[in-house]
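Participant: Take this structure first; my questions come after.
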Amino acid sequence: MNALPALPLAEDQALSQAEAAYRQLRDKLIMLEIRPGEPINDGQLAAELGFGRTPVREAIKRLEVDHLVVSYPRRGTFATSVDFTELADVSEIRELLEPLAARRAAGRASDAMRRELMHVADTIAQLDPGPGGSRDLMRYDLTVHRLIYKAAANPHLEDTLIRYDNLATRIWCLVLDKVPSVSGHIVEHVELLTAIADGDEDRAAELALHHVVSFEESVRKVL
């Protein structure tokens with residue numbers, strides 16, 4: 001797959017350095033650009049990302065709460081391992097909360113947000129489902145989910161779902177090369193986004209549940 005069209009960013013852009021460092025490091029860990037078990041060197045990361053060491057250290061503390069990094073006395077800080085035994089627990093929570101977020105988004109999204117969701121749906125519908133670019137496609141998955149959580153207009157629900165979607169995405173990225181079709185998983189979002197934009201709460205909740213269940217089934221088939 002060649003260059004993919006850019007999607008709108010799901011998160012606000014007026015960020016402090018600590019927040020910007022947190023989000024960049026978070027997504028590097030989610031997408032396995034920082035591999036599980038890899039040591040986290042705050043000085044090296046600060047230089048790489050263009051931040052001071054203080055905001056990077058603050059970001060690392062938050063990432064510990066997200067279970068994306070872990071610190072050991074006298075050993076240092078490391079990216080957490082990806083534990084496949086957590087898949088059932090993560091999916092159980094997402095099966096309850098993803099339909100709730102989709103239902104709320106369908107009922108409460110602003111007109112501007114509905115237009116944005118439809119723009120994303122149209123962009124995904126036009127993607128070339130050819131081989132390659134799987135990791136880039138997973139960035140679409142993250143963007144779609146974060147937009148839906150934002151549209152749900154409940155910051156506590158949004159924060160919780162981002163955390164569990166991040167953990168699920170790490171699992172998915174670890175088996176990415178074994179999954180037959182990532183594009184099929186991403187294209188599922190078109191109908192979901194359309195249902196939300198149309199205000200169809202029941203359909204949105206149904207499709208969100210299906211998406212989470214099919215994700216777990218796809219991962220289990222290749223484990």
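Letters A, B, ... go to the chains of the structure tokens in the order shown; residues in each chain start at 1; ligands are counted from 1 in the same order.
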Tell me, as an mmCIF file with all heavy atoms, in the first residue's frame, which residues lie within 10 Å of region 16-24 of chain A, counting only C-alpha atoms; anything in the same chain fewer than 6 positions away does not count.

Facilitator:
data_model
loop_
_atom_site.group_PDB
_atom_site.id
_atom_site.type_symbol
_atom_site.label_atom_id
_atom_site.label_comp_id
_atom_site.auth_asym_id
_atom_site.auth_seq_id
_atom_site.Cartn_x
_atom_site.Cartn_y
_atom_site.Cartn_z
ATOM 1 N N ILE A 30 2.519 1.913 21.991
ATOM 2 C CA ILE A 30 1.350 1.196 21.485
ATOM 3 C C ILE A 30 1.674 0.519 20.157
ATOM 4 O O ILE A 30 1.337 -0.642 19.927
ATOM 5 C CB ILE A 30 0.162 2.158 21.298
ATOM 6 C CG1 ILE A 30 -0.310 2.696 22.637
ATOM 7 C CG2 ILE A 30 -1.006 1.458 20.588
ATOM 8 C CD1 ILE A 30 -1.227 3.895 22.507
ATOM 9 N N LEU A 45 15.412 9.667 24.879
ATOM 10 C CA LEU A 45 14.099 9.990 24.344
ATOM 11 C C LEU A 45 13.885 11.500 24.256
ATOM 12 O O LEU A 45 13.278 11.995 23.307
ATOM 13 C CB LEU A 45 13.013 9.352 25.205
ATOM 14 C CG LEU A 45 12.856 7.840 25.052
ATOM 15 C CD1 LEU A 45 11.928 7.293 26.115
ATOM 16 C CD2 LEU A 45 12.338 7.502 23.652
ATOM 17 N N ALA A 46 14.380 12.225 25.247
ATOM 18 C CA ALA A 46 14.253 13.687 25.225
ATOM 19 C C ALA A 46 14.950 14.257 23.991
ATOM 20 O O ALA A 46 14.410 15.134 23.299
ATOM 21 C CB ALA A 46 14.839 14.278 26.498
ATOM 22 N N LEU A 49 12.925 13.228 20.766
ATOM 23 C CA LEU A 49 11.633 13.888 20.592
ATOM 24 C C LEU A 49 11.731 15.407 20.593
ATOM 25 O O LEU A 49 10.768 16.093 20.237
ATOM 26 C CB LEU A 49 10.669 13.439 21.692
ATOM 27 C CG LEU A 49 10.351 11.946 21.741
ATOM 28 C CD1 LEU A 49 9.480 11.631 22.955
ATOM 29 C CD2 LEU A 49 9.661 11.494 20.463
ATOM 30 N N GLY A 50 12.874 15.929 21.032
ATOM 31 C CA GLY A 50 13.045 17.375 21.050
ATOM 32 C C GLY A 50 12.446 18.041 22.268
ATOM 33 O O GLY A 50 12.101 19.230 22.221
ATOM 34 N N PHE A 51 12.345 17.314 23.385
ATOM 35 C CA PHE A 51 11.837 17.867 24.640
ATOM 36 C C PHE A 51 12.956 17.872 25.682
ATOM 37 O O PHE A 51 13.967 17.193 25.530
ATOM 38 C CB PHE A 51 10.666 17.030 25.171
ATOM 39 C CG PHE A 51 9.460 17.026 24.271
ATOM 40 C CD1 PHE A 51 9.090 15.875 23.606
ATOM 41 C CD2 PHE A 51 8.695 18.166 24.088
ATOM 42 C CE1 PHE A 51 7.978 15.851 22.779
ATOM 43 C CE2 PHE A 51 7.589 18.160 23.270
ATOM 44 C CZ PHE A 51 7.231 17.000 22.610
ATOM 45 N N GLY A 52 12.732 18.612 26.775
ATOM 46 C CA GLY A 52 13.639 18.528 27.901
ATOM 47 C C GLY A 52 13.414 17.222 28.664
ATOM 48 O O GLY A 52 12.406 16.533 28.466
ATOM 49 N N ARG A 53 14.343 16.897 29.555
ATOM 50 C CA ARG A 53 14.212 15.636 30.292
ATOM 51 C C ARG A 53 13.048 15.677 31.277
ATOM 52 O O ARG A 53 12.424 14.649 31.538
ATOM 53 C CB ARG A 53 15.519 15.331 31.030
ATOM 54 C CG ARG A 53 16.673 15.056 30.085
ATOM 55 C CD ARG A 53 17.962 14.711 30.792
ATOM 56 N NE ARG A 53 17.953 13.352 31.311
ATOM 57 C CZ ARG A 53 19.056 12.648 31.544
ATOM 58 N NH1 ARG A 53 20.232 13.187 31.302
ATOM 59 N NH2 ARG A 53 18.988 11.439 32.026
ATOM 60 N N THR A 54 12.735 16.861 31.805
ATOM 61 C CA THR A 54 11.658 16.947 32.800
ATOM 62 C C THR A 54 10.308 16.544 32.222
ATOM 63 O O THR A 54 9.614 15.695 32.806
ATOM 64 C CB THR A 54 11.591 18.352 33.419
ATOM 65 O OG1 THR A 54 12.816 18.611 34.105
ATOM 66 C CG2 THR A 54 10.431 18.449 34.399
ATOM 67 N N PRO A 55 9.866 17.105 31.084
ATOM 68 C CA PRO A 55 8.580 16.654 30.535
ATOM 69 C C PRO A 55 8.574 15.183 30.152
ATOM 70 O O PRO A 55 7.544 14.509 30.282
ATOM 71 C CB PRO A 55 8.357 17.549 29.312
ATOM 72 C CG PRO A 55 9.652 18.210 29.042
ATOM 73 C CD PRO A 55 10.395 18.258 30.328
ATOM 74 N N VAL A 56 9.717 14.673 29.714
ATOM 75 C CA VAL A 56 9.784 13.245 29.364
ATOM 76 C C VAL A 56 9.651 12.396 30.619
ATOM 77 O O VAL A 56 8.944 11.374 30.625
ATOM 78 C CB VAL A 56 11.097 12.930 28.618
ATOM 79 C CG1 VAL A 56 11.296 11.421 28.485
ATOM 80 C CG2 VAL A 56 11.086 13.589 27.242
ATOM 81 N N ARG A 57 10.298 12.810 31.709
ATOM 82 C CA ARG A 57 10.162 12.060 32.960
ATOM 83 C C ARG A 57 8.721 12.087 33.468
ATOM 84 O O ARG A 57 8.207 11.080 33.975
ATOM 85 C CB ARG A 57 11.112 12.629 34.019
ATOM 86 C CG ARG A 57 12.575 12.272 33.783
ATOM 87 C CD ARG A 57 13.493 13.022 34.714
ATOM 88 N NE ARG A 57 14.890 12.658 34.507
ATOM 89 C CZ ARG A 57 15.919 13.338 34.987
ATOM 90 N NH1 ARG A 57 15.711 14.439 35.708
ATOM 91 N NH2 ARG A 57 17.152 12.928 34.752
ATOM 92 N N GLU A 58 8.059 13.241 33.329
ATOM 93 C CA GLU A 58 6.658 13.333 33.728
ATOM 94 C C GLU A 58 5.798 12.397 32.875
ATOM 95 O O GLU A 58 4.884 11.735 33.381
ATOM 96 C CB GLU A 58 6.164 14.776 33.583
ATOM 97 C CG GLU A 58 6.754 15.737 34.596
ATOM 98 C CD GLU A 58 6.269 17.173 34.381
ATOM 99 O OE1 GLU A 58 5.246 17.359 33.694
ATOM 100 O OE2 GLU A 58 6.922 18.101 34.902
ATOM 101 N N ALA A 59 6.115 12.342 31.583
ATOM 102 C CA ALA A 59 5.376 11.461 30.679
ATOM 103 C C ALA A 59 5.559 10.001 31.076
ATOM 104 O O ALA A 59 4.600 9.220 31.082
ATOM 105 C CB ALA A 59 5.846 11.681 29.243
ATOM 106 N N ILE A 60 6.772 9.635 31.432
ATOM 107 C CA ILE A 60 7.064 8.249 31.804
ATOM 108 C C ILE A 60 6.291 7.843 33.057
ATOM 109 O O ILE A 60 5.777 6.716 33.160
ATOM 110 C CB ILE A 60 8.585 8.055 31.983
ATOM 111 C CG1 ILE A 60 9.281 8.121 30.614
ATOM 112 C CG2 ILE A 60 8.886 6.716 32.672
ATOM 113 C CD1 ILE A 60 10.783 8.180 30.691
ATOM 114 N N LYS A 61 6.154 8.764 34.004
ATOM 115 C CA LYS A 61 5.370 8.466 35.214
ATOM 116 C C LYS A 61 3.922 8.160 34.852
ATOM 117 O O LYS A 61 3.298 7.252 35.402
ATOM 118 C CB LYS A 61 5.433 9.652 36.182
ATOM 119 C CG LYS A 61 6.778 9.816 36.875
ATOM 120 C CD LYS A 61 6.767 11.030 37.800
ATOM 121 C CE LYS A 61 8.128 11.248 38.456
ATOM 122 N NZ LYS A 61 8.133 12.467 39.307
ATOM 123 N N ARG A 62 3.355 8.926 33.924
ATOM 124 C CA ARG A 62 1.977 8.679 33.499
ATOM 125 C C ARG A 62 1.859 7.350 32.752
ATOM 126 O O ARG A 62 0.863 6.633 32.874
ATOM 127 C CB ARG A 62 1.487 9.819 32.609
ATOM 128 C CG ARG A 62 1.245 11.120 33.346
ATOM 129 C CD ARG A 62 0.793 12.209 32.401
ATOM 130 N NE ARG A 62 -0.478 11.894 31.764
ATOM 131 C CZ ARG A 62 -1.020 12.634 30.804
ATOM 132 N NH1 ARG A 62 -0.405 13.729 30.376
ATOM 133 N NH2 ARG A 62 -2.171 12.286 30.270
ATOM 134 N N LEU A 63 2.876 7.021 31.978
ATOM 135 C CA LEU A 63 2.845 5.776 31.218
ATOM 136 C C LEU A 63 2.911 4.548 32.132
ATOM 137 O O LEU A 63 2.430 3.473 31.758
ATOM 138 C CB LEU A 63 3.997 5.756 30.209
ATOM 139 C CG LEU A 63 3.844 6.779 29.083
ATOM 140 C CD1 LEU A 63 5.160 6.964 28.343
ATOM 141 C CD2 LEU A 63 2.745 6.352 28.114
#

Participant: For the structure I just gave you, how does DSSP split region 23-75 of chain A - specifically, which residues are strand (DSSP E)? Reply as an MDAnalysis selection string.

Facilitator: chainID A and resid 69:72

Participant: I'd like to know which of A:Ala79, A:Ala195, A:Ala208, A:Val70 is closest to Met118 (chain A), using only C-alpha atoms.

Facilitator: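 The shortest atom-to-atom distance to Met118 (chain A) comes from A:Ala195.
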
Participant: Would you give me, as a VMD selection string, the residues in region 56-188 of chain A that DSSP reads as alpha helix (DSSP H)?

Facilitator: chain A and resid 56 to 65 87 to 108 111 to 125 134 to 151 155 to 174 182 to 188

Participant: Save the residues we just selected, C-alpha atoms, as an mmCIF file, in the first residue's frame?

Facilitator:
data_model
loop_
_atom_site.group_PDB
_atom_site.id
_atom_site.type_symbol
_atom_site.label_atom_id
_atom_site.label_comp_id
_atom_site.auth_asym_id
_atom_site.auth_seq_id
_atom_site.Cartn_x
_atom_site.Cartn_y
_atom_site.Cartn_z
ATOM 1 C CA VAL A 56 9.784 13.245 29.364
ATOM 2 C CA ARG A 57 10.162 12.060 32.960
ATOM 3 C CA GLU A 58 6.658 13.333 33.728
ATOM 4 C CA ALA A 59 5.376 11.461 30.679
ATOM 5 C CA ILE A 60 7.064 8.249 31.804
ATOM 6 C CA LYS A 61 5.370 8.466 35.214
ATOM 7 C CA ARG A 62 1.977 8.679 33.499
ATOM 8 C CA LEU A 63 2.845 5.776 31.218
ATOM 9 C CA GLU A 64 3.453 3.638 34.306
ATOM 10 C CA VAL A 65 -0.142 4.279 35.354
ATOM 11 C CA LEU A 87 -6.746 -10.318 26.141
ATOM 12 C CA ALA A 88 -9.902 -11.754 27.714
ATOM 13 C CA ASP A 89 -9.901 -9.206 30.555
ATOM 14 C CA VAL A 90 -9.326 -6.266 28.208
ATOM 15 C CA SER A 91 -11.996 -7.513 25.800
ATOM 16 C CA GLU A 92 -14.507 -8.012 28.605
ATOM 17 C CA ILE A 93 -14.229 -4.348 29.580
ATOM 18 C CA ARG A 94 -14.285 -3.125 25.983
ATOM 19 C CA GLU A 95 -17.359 -5.220 25.164
ATOM 20 C CA LEU A 96 -19.220 -3.264 27.828
ATOM 21 C CA LEU A 97 -17.827 0.215 27.245
ATOM 22 C CA GLU A 98 -17.289 0.438 23.459
ATOM 23 C CA PRO A 99 -21.038 0.036 22.714
ATOM 24 C CA LEU A 100 -21.794 2.622 25.411
ATOM 25 C CA ALA A 101 -19.402 5.108 23.805
ATOM 26 C CA ALA A 102 -20.800 4.469 20.327
ATOM 27 C CA ARG A 103 -24.380 4.862 21.579
ATOM 28 C CA ARG A 104 -23.539 8.119 23.385
ATOM 29 C CA ALA A 105 -21.660 9.430 20.355
ATOM 30 C CA ALA A 106 -24.636 8.699 18.086
ATOM 31 C CA GLY A 107 -26.938 10.559 20.437
ATOM 32 C CA ARG A 108 -24.729 13.447 21.521
ATOM 33 C CA ASP A 111 -22.947 18.590 13.945
ATOM 34 C CA ALA A 112 -19.266 19.396 13.388
ATOM 35 C CA MET A 113 -18.220 16.076 14.911
ATOM 36 C CA ARG A 114 -20.731 14.178 12.753
ATOM 37 C CA ARG A 115 -19.245 15.794 9.655
ATOM 38 C CA GLU A 116 -15.764 14.817 10.847
ATOM 39 C CA LEU A 117 -16.849 11.223 11.457
ATOM 40 C CA MET A 118 -18.338 11.016 7.960
ATOM 41 C CA HIS A 119 -15.154 12.474 6.469
ATOM 42 C CA VAL A 120 -13.167 9.715 8.185
ATOM 43 C CA ALA A 121 -15.663 7.074 7.015
ATOM 44 C CA ASP A 122 -15.370 8.322 3.407
ATOM 45 C CA THR A 123 -11.561 8.310 3.620
ATOM 46 C CA ILE A 124 -11.447 4.745 4.934
ATOM 47 C CA ALA A 125 -13.987 3.551 2.343
ATOM 48 C CA SER A 134 -0.544 -2.815 8.038
ATOM 49 C CA ARG A 135 1.060 -0.704 10.731
ATOM 50 C CA ASP A 136 -0.094 2.485 9.031
ATOM 51 C CA LEU A 137 -3.610 1.061 8.872
ATOM 52 C CA MET A 138 -3.516 0.478 12.621
ATOM 53 C CA ARG A 139 -3.038 4.214 13.068
ATOM 54 C CA TYR A 140 -6.416 4.621 11.375
ATOM 55 C CA ASP A 141 -7.878 2.246 13.939
ATOM 56 C CA LEU A 142 -6.503 4.347 16.802
ATOM 57 C CA THR A 143 -7.791 7.569 15.232
ATOM 58 C CA VAL A 144 -11.284 6.183 14.678
ATOM 59 C CA HIS A 145 -11.641 4.900 18.218
ATOM 60 C CA ARG A 146 -10.347 8.122 19.748
ATOM 61 C CA LEU A 147 -12.759 10.185 17.641
ATOM 62 C CA ILE A 148 -15.686 8.059 18.794
ATOM 63 C CA TYR A 149 -14.640 8.372 22.435
ATOM 64 C CA LYS A 150 -14.342 12.131 22.016
ATOM 65 C CA ALA A 151 -17.771 12.309 20.365
ATOM 66 C CA PRO A 155 -14.166 12.559 29.539
ATOM 67 C CA HIS A 156 -14.051 9.786 32.151
ATOM 68 C CA LEU A 157 -15.356 7.229 29.663
ATOM 69 C CA GLU A 158 -12.958 8.611 27.041
ATOM 70 C CA ASP A 159 -9.902 8.260 29.309
ATOM 71 C CA THR A 160 -10.850 4.721 30.326
ATOM 72 C CA LEU A 161 -11.477 3.526 26.784
ATOM 73 C CA ILE A 162 -8.302 5.089 25.419
ATOM 74 C CA ARG A 163 -6.325 3.154 28.020
ATOM 75 C CA TYR A 164 -7.922 -0.200 27.157
ATOM 76 C CA ASP A 165 -7.871 0.409 23.415
ATOM 77 C CA ASN A 166 -4.150 1.142 23.741
ATOM 78 C CA LEU A 167 -3.578 -2.223 25.432
ATOM 79 C CA ALA A 168 -5.662 -4.005 22.797
ATOM 80 C CA THR A 169 -3.749 -2.297 19.981
ATOM 81 C CA ARG A 170 -0.406 -3.459 21.419
ATOM 82 C CA ILE A 171 -1.674 -7.031 21.339
ATOM 83 C CA TRP A 172 -2.889 -6.576 17.770
ATOM 84 C CA CYS A 173 0.420 -5.051 16.646
ATOM 85 C CA LEU A 174 2.365 -7.987 18.069
ATOM 86 C CA VAL A 182 -5.864 -5.838 8.610
ATOM 87 C CA SER A 183 -7.687 -3.775 6.006
ATOM 88 C CA GLY A 184 -10.890 -5.761 6.630
ATOM 89 C CA HIS A 185 -10.707 -4.881 10.319
ATOM 90 C CA ILE A 186 -10.284 -1.192 9.478
ATOM 91 C CA VAL A 187 -13.033 -1.115 6.822
ATOM 92 C CA GLU A 188 -15.501 -2.332 9.482
#

Participant: Could you jot down the CA of Asp200 (chain A) to CA of Ala109 (chain A) separation for me, Å, one decimal place?

Facilitator: 11.5 Å

Participant: Between CA of Ser81 (chain A) and CA of Pro36 (chain A), measure the distance and give it in Å to one decimal.

Facilitator: 4.6 Å

Participant: Pick the closest to Ala204 (chain A) from A:Asp27, A:Asp66, A:Ala152, A:Leu127: which is it, counting only C-alpha atoms?

Facilitator: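 Residue with the minimum atom-to-atom distance to Ala204 (chain A): A:Ala152.
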